[in-house]
Amino acid sequence: MKYNFDEIIDRSKYNSLKWLELDSKFGRDDILPMWVADMDFKSPQPIIDAICNRALHGVFGYTTRTESYFKTIAEWMERRHNWNPPEELLVHSPGVVFSLSTIVQEFTEPGDKIIVQPPVYYPFYSIIENNDRKVVLNPLKNLNGKYVMDYDDLERKIDENVKMLILCSPHNPIGRVWSREELVKLGEICRENNVRIVSDEIHCDLVLKGYKHTPFGTLPNNLSDNLITCFAPSKTFNIAGLQASVVSFSNEGDYVRYNEALDKHHFKNNNCFSIAAVEAGYKYGEEWLEQLLDYLEGNVEFLIKYIEEKIPQIKVHRPEGTFLAWLDCRNLEMNAELLSHFMINKAKVALDDGYWFGEEGKGFMRINFACPRGILEEGLRRIEEAISQNVNI
Ligand SMILES: Cc1ncc(COP(=O)(O)O)c(C=O)c1O
């Protein structure tokens, strides 16, 4: 089946957060939303069919997962990423952020330090701080336009109170797909210092041509024996609204400990639609995903060419994965507040401000390119026009 990713679908009337929270987040609702990290595309047809079939049954009482649920998930991971997470150590979660927060609560103590690598997905900070733990920053280094990990800084920052590192792999917002070598080096430093790695791999299936996602769980056992990995079909198939994700443990003790934490809240079940959708996606969604990746590839090329030719003041970090591009707007010579105001009120686009991801993101913007090319073009045209009229901001 051939999917049409150029189709423009009006999401504004279906509780879309991207649209409905424009006003509260940006102060106006007449701007083009290119911020929240979901896609403006329909999900794969097998998922839509599975949900429709389930809805037609008409009875929505308590549901439970069958054995095939985690088996299907594990098979996908093996097929797509050569990773065999032990099926019996997989746990359902309504969302990766929920899992990360529960992991922080359960596997660290108040006052402990937790490392993150900014600029990074901003809920990482609140998960740590809201649980009375301390954030330790190990900023990525921007080497001539390519972000890399700073291992020397990491070693310097680790002390006996550092208990965990939350890794973003692939990395939102800068779009790096970490290589095996980079991950091994990180893993070695963390193992030597008894720092547990929690790997957020929610973007693992969205990797562009020429790159390969390395699940942390495929690294040598001694680097991953107390690893916790979070992943989900939500970005992959655009089903974040169904609230289903997965936590994978590499040993039974951690699995039991995490489940005990969930038991305190009597939290266990998926909703019935997510069961149908997750299985359908992981079983039959591959054809759609391949076409999606081709389309996203085209959007990346379009975005880069457009900016190079028409908005040369902005530099794009070519993403290796995710559907997010990191725009270096420092040549516009606006401070963070002014840049934000400019994009909202002059260009009339809603982007993620770079500084949301940490101080290191000041002067940058994140744009979501998982939309029909026509919408992407419209967003870029607005920015181009605003820059060409950049007077009296
Ligand atoms: C790195 C990363 N982790 C987690 C999430 C959110 O996950 P969830 O909706 O499952 O809580 C996102 C969403 O953008 C993300 O980019």
# chains A, B, ... in the order shown; residues from 1 in each chain; ligands from 1
$ closest_atom_pairs --of "chain A" --to "ligand 1" --cutoff "10 Å" --atoms "only C-alpha atoms and all ligand atoms" --output "tab-separated table"
residue	atom	partner	partner_atom_place_in_ligand_line	distance
A:Trp35	CA	ligand 1	14 (O)	9.7
A:Val36	CA	ligand 1	14 (O)	6.9
A:Ala37	CA	ligand 1	14 (O)	4.7
A:Asp38	CA	ligand 1	14 (O)	7.2
A:Ser93	CA	ligand 1	10 (O)	8.1
A:Pro94	CA	ligand 1	10 (O)	6.7
A:Gly95	CA	ligand 1	10 (O)	3.3
A:Val96	CA	ligand 1	10 (O)	3.7
A:Val97	CA	ligand 1	11 (O)	3.9
A:Phe98	CA	ligand 1	11 (O)	6.0
A:Ser99	CA	ligand 1	11 (O)	7.8
A:Leu100	CA	ligand 1	11 (O)	8.6
A:Ser101	CA	ligand 1	11 (O)	9.9
A:Val120	CA	ligand 1	1 (C)	7.8
A:Tyr121	CA	ligand 1	1 (C)	5.5
A:Tyr122	CA	ligand 1	2 (C)	8.7
A:Pro123	CA	ligand 1	4 (C)	7.9
A:Phe124	CA	ligand 1	3 (N)	8.2
A:Leu167	CA	ligand 1	1 (C)	8.8
A:Cys168	CA	ligand 1	1 (C)	5.6
A:Ser169	CA	ligand 1	1 (C)	7.4
A:Pro170	CA	ligand 1	1 (C)	7.6
A:His171	CA	ligand 1	1 (C)	6.6
A:Asn172	CA	ligand 1	1 (C)	5.4
A:Pro173	CA	ligand 1	16 (O)	7.6
A:Ser199	CA	ligand 1	1 (C)	9.4
A:Asp200	CA	ligand 1	3 (N)	5.9
A:Glu201	CA	ligand 1	1 (C)	7.0
A:Ile202	CA	ligand 1	3 (N)	5.7
A:His203	CA	ligand 1	1 (C)	6.8
A:Cys204	CA	ligand 1	1 (C)	9.8
A:Cys230	CA	ligand 1	3 (N)	8.4
A:Phe231	CA	ligand 1	10 (O)	7.8
A:Ala232	CA	ligand 1	10 (O)	6.7
A:Pro233	CA	ligand 1	10 (O)	8.8
A:Ser234	CA	ligand 1	10 (O)	6.7
A:Lys235	CA	ligand 1	13 (C)	7.6
A:Ile239	CA	ligand 1	9 (O)	9.4
A:Ala240	CA	ligand 1	9 (O)	5.8
A:Gly241	CA	ligand 1	9 (O)	8.2
A:Leu242	CA	ligand 1	9 (O)	9.6
A:Gln243	CA	ligand 1	10 (O)	6.8
A:Ala244	CA	ligand 1	10 (O)	7.1
A:Ser245	CA	ligand 1	10 (O)	5.9
A:Val246	CA	ligand 1	10 (O)	8.8
A:Thr322	CA	ligand 1	16 (O)	8.3
A:Phe323	CA	ligand 1	16 (O)	9.8
A:Leu324	CA	ligand 1	16 (O)	9.2
$ select_by_dssp --residues "segment 102-337 of chain A" --states "strand (DSSP E)" --output "PyMOL selection string"
chain A and resi 113-116+134-137+141-143+146-148+162-168+196-200+228-231+245-249+315-317+324-328
$ atom_distance --atom1 "atom CA of Asn251 of chain A" --atom2 "atom CA of Leu89 of chain A"
7.5 Å
$ residues_around --residues "Tyr284 of chain A" --least-positions-apart "4" --cutoff "10 Å" --atoms "only C-alpha atoms" --output "list of chain:residue names"
A:Pro44, A:Gln45, A:Pro46, A:Ile47, A:Val278, A:Glu279, A:Ala280, A:Trp288, A:Leu289
$ closest_residue --among "A:Asn335, A:Ser126, A:Asn221, A:Ser274" --to "Arg65 of chain A" --atoms "only C-alpha atoms"
A:Ser274
